[in-house]
Amino acid sequence: MEPILSVRNLSISFTQYTSKTRRHRLHVIDDLSLSIEAGQVVAVVGASGSGKSLLAHGILGILPYNAFLEGSIRYGGEALDQARAARLRGKEIVLVPQGVTYLDPLMKVGPQIRKGRRGKPLLDRCRAVLARYGLGPEVEDAYPFALSGGMARRVLISTAVIESPRLIIADEPTPGLDAQAAGRIMGHFRELADGGAGVLLITHDLELALTVADRVAVLYAGQTVEEAPACAFAAGRLLHPYTKALYQALPQNGFIPIPGTQPYPGEIAQGCLFAPRCDRCRAQCKEASIPYRAVSSGYVRCLTAEEEETA
């Protein structure tokens with residue numbers, strides 16, 4: 001059975017002018033791969049600047065004019081080009097954006113959820129969706145400024161799911177929320193997946209993602225370095241040094257930092273992008289092209305992972 005979403009060897013670059021007459025390509029995402037099955041929450045985690053939101057924009061077909069996309073994006077077994085993405089966007093494929101500023105401050109909540117459409121069936125569905133997320137019918141007549149942060153997040157989810165989408169892309173849906181409110185928002189995405197949708201959860205909060213995700217894809221400097229089941233984290237079955245470092249940096253795991261910073265796009269021309277920060281780095285790690293290969297737990301991009309897997 002085909003996954004709802006399949007991304008293979010995705011690369012996204014931008015044209016930049018270095019002078020009035022000279023330009024070059026800045027590669028921001030390189031050889032990124034992941035897939036989402038119906039009923040799954042797949043979390044994409046990584047530091048700021050790792051390409052998480054850019055991945056969402058590439059899937060949705062809303063990249064800026066100077067962007068170049070290479071590789072394969074398939075939705076429901078068929079190629080998802082820009083024209084098809086435009087037809088499906090807001091219907092079968094929806095975005096829950098990271099900022100509540102996406103809500104129109106001059107329009108009441110109800111018309112925003114209904115996208116300005118009228119009719120009793122749609123009005124009933126709007127109220128049912130609001131009730132599903134613990135919001136009363138009075139919210140329909142409220143303006144966004146009158147909502148709390150958690151309520152505004154739930155309204156954003158409501159605007160997305162009123163169309164019964166098959167693929168939901170949630171881009172950093174919990175910033176600024178306390179732990180309890182963030183947990184409730186994560187629970188809503190888990191419910192959507194349990195109802196048969198595929199959910200792509202983009203977040204920097206690994207701890208929160210692990211509470212609802214089936215699988216986790218870890219991004220580093222625009223590449224997927226590992227994809228593993230969520231249970232592999234607590235079980236200690238992680239293979240890539242960066243994935244291990246992310247997990248060890250959680251408060252309950254000792255808050256252990258790693259030296260160095262993520263490289264800027266184009267800063268490292270070849271080899272493993274994590275090599276300057278890796279205590280297992282070898283000479284070939286800096287020279288070779290590192291393949292993204294299947295392992296027993298998922299996928300990994302690391303030359304030393306085979307030793308870890310067989311240890």
# chains A, B, ... in the order shown; residues from 1 in each chain; ligands from 1

$ closest_atom_pairs --of "segment 172-225 of chain A" --to "segment 56-63 of chain A" --cutoff "10 Å" --atoms "only C-alpha atoms" --output "tab-separated table"
residue	atom	partner	partner_atom	distance
A:Leu200	CA	A:Ala56	CA	8.6
A:Leu201	CA	A:Ala56	CA	9.7
A:Ile202	CA	A:Ala56	CA	8.2

$ write_last_selection --atoms "N, CA and C atoms" --output "PDB file, in the first residue's frame"
ATOM      1  N   LEU A 200       2.106  15.187   9.624  1.00  0.00           N
ATOM      2  CA  LEU A 200       3.514  15.572   9.626  1.00  0.00           C
ATOM      3  C   LEU A 200       3.687  16.657  10.672  1.00  0.00           C
ATOM      4  N   LEU A 201       4.324  16.317  11.770  1.00  0.00           N
ATOM      5  CA  LEU A 201       4.494  17.233  12.896  1.00  0.00           C
ATOM      6  C   LEU A 201       5.909  17.806  12.855  1.00  0.00           C
ATOM      7  N   ILE A 202       6.015  19.082  12.571  1.00  0.00           N
ATOM      8  CA  ILE A 202       7.307  19.764  12.481  1.00  0.00           C
ATOM      9  C   ILE A 202       7.544  20.503  13.789  1.00  0.00           C
TER      10      ILE A 202
END

$ residues_around --residues "Val218 of chain A" --least-positions-apart "2" --cutoff "6 Å" --atoms "only C-alpha atoms" --output "list in words"
Val44, Val45, Gly46, Thr224, Val225 and Glu226 of chain A

$ select_by_dssp --residues "segment 3-157 of chain A" --states "strand (DSSP E)" --output "JSON, numbers by chain"
{"A": [5, 6, 7, 8, 9, 10, 11, 12, 13, 14, 15, 16, 17, 23, 24, 25, 26, 27, 28, 29, 30, 31, 32, 33, 34, 35, 36, 41, 42, 43, 44, 45, 67, 68, 69, 70, 71, 72, 73, 74, 75, 78, 79, 93, 94, 95, 96]}

$ residues_around --residues "Leu5 of chain A" --least-positions-apart "2" --cutoff "12 Å" --atoms "only C-alpha atoms" --output "tab-separated table (two decimals) with C-alpha atoms, in the first residue's frame"
chain	number	residue	atom	x	y	z
A	1	MET	CA	0.00	0.00	0.00
A	2	GLU	CA	1.32	3.43	-1.00
A	3	PRO	CA	2.00	5.89	1.84
A	7	VAL	CA	9.48	12.36	-0.03
A	8	ARG	CA	12.61	10.99	-1.67
A	33	SER	CA	13.72	11.59	2.57
A	34	LEU	CA	10.72	10.52	4.67
A	35	SER	CA	7.28	8.95	4.33
A	36	ILE	CA	3.94	9.01	6.18
A	37	GLU	CA	1.36	6.24	6.28
A	38	ALA	CA	-2.35	6.71	6.98
A	39	GLY	CA	-2.94	6.76	10.74
A	40	GLN	CA	0.61	7.85	11.57
A	41	VAL	CA	2.14	10.87	13.23
A	42	VAL	CA	5.64	11.40	11.85
A	56	ALA	CA	6.52	21.96	4.63
A	59	ILE	CA	5.23	19.85	0.02
A	60	LEU	CA	2.55	22.55	-0.10
A	72	SER	CA	10.42	13.30	-5.65
A	73	ILE	CA	7.30	14.21	-3.65
A	74	ARG	CA	4.40	11.78	-4.03
A	75	TYR	CA	0.96	12.06	-2.46
A	76	GLY	CA	-1.34	9.05	-2.55
A	77	GLY	CA	1.01	7.29	-4.95
A	78	GLU	CA	1.04	10.09	-7.55
A	79	ALA	CA	3.53	12.88	-8.15
A	80	LEU	CA	2.74	16.03	-6.18
A	92	GLU	CA	-6.95	17.17	1.26
A	93	ILE	CA	-3.62	18.67	2.33
A	166	ARG	CA	-5.95	13.21	4.48
A	167	LEU	CA	-2.62	14.93	5.23
A	168	ILE	CA	-2.12	17.50	8.00
A	169	ILE	CA	1.14	19.45	8.22
A	197	ALA	CA	-5.21	10.94	8.55
A	198	GLY	CA	-1.46	11.25	8.14
A	199	VAL	CA	0.15	13.94	10.31
A	200	LEU	CA	3.51	15.57	9.63

$ residues_around --residues "Val100 of chain A" --least-positions-apart "3" --cutoff "8 Å" --atoms "only C-alpha atoms" --output "list in words"
Pro97, Leu103, Gly149, Ala152, Arg153 and Leu156 of chain A

$ write_last_selection --atoms "N, CA and C atoms" --output "compact mmCIF listing (two decimals), in the first residue's frame"
# COMPACT_ATOMS: atom_id res chain seq x y z
N PRO A 97 -0.39 26.38 10.77
CA PRO A 97 0.83 27.18 10.83
C PRO A 97 1.31 27.40 12.26
N LEU A 103 -4.31 34.04 11.71
CA LEU A 103 -5.72 34.37 11.81
C LEU A 103 -5.92 35.85 11.47
N GLY A 149 -4.00 31.98 24.04
CA GLY A 149 -3.09 31.32 23.12
C GLY A 149 -3.53 29.91 22.78
N ALA A 152 -6.61 29.98 20.48
CA ALA A 152 -6.25 30.35 19.12
C ALA A 152 -5.61 29.18 18.38
N ARG A 153 -4.80 28.39 19.08
CA ARG A 153 -4.20 27.20 18.45
C ARG A 153 -5.28 26.21 18.04
N LEU A 156 -6.95 27.35 14.92
CA LEU A 156 -6.14 27.05 13.75
C LEU A 156 -6.32 25.60 13.30

$ residues_around --residues "segment 253-267 of chain A" --least-positions-apart "5" --cutoff "6 Å" --atoms "only C-alpha atoms" --output "PyMOL selection string"
chain A and resi 28+248+277

$ write_last_selection --atoms "N, CA, C and O atoms" --output "compact mmCIF listing (two decimals), in the first residue's frame"
# COMPACT_ATOMS: atom_id res chain seq x y z
N VAL A 28 19.90 24.58 0.63
CA VAL A 28 19.43 24.63 2.01
C VAL A 28 18.95 23.26 2.48
O VAL A 28 19.15 22.89 3.63
N GLN A 248 19.96 13.05 24.58
CA GLN A 248 20.70 13.26 25.83
C GLN A 248 20.60 14.70 26.32
O GLN A 248 20.83 14.97 27.50
N ARG A 277 31.49 17.97 14.75
CA ARG A 277 31.00 17.90 16.13
C ARG A 277 30.95 16.46 16.66
O ARG A 277 30.53 16.24 17.79

$ atom_distance --atom1 "atom CA of Asp30 of chain A" --atom2 "atom CA of Gly222 of chain A"
5.7 Å

$ residues_around --residues "Val300 of chain A" --least-positions-apart "2" --cutoff "10 Å" --atoms "only C-alpha atoms" --output "list in words"
Ala217, Val218, Thr224, Val225, Glu226, Glu227, Ala228, Leu238, Leu239, His240, Thr243, Ile290, Pro291, Tyr292, Arg293, Ala294, Val295, Ser296, Ser297, Gly298, Cys302, Leu303, Ala305 and Glu306 of chain A

$ atom_distance --atom1 "atom CA of Tyr247 of chain A" --atom2 "atom CA of Glu191 of chain A"
25.3 Å
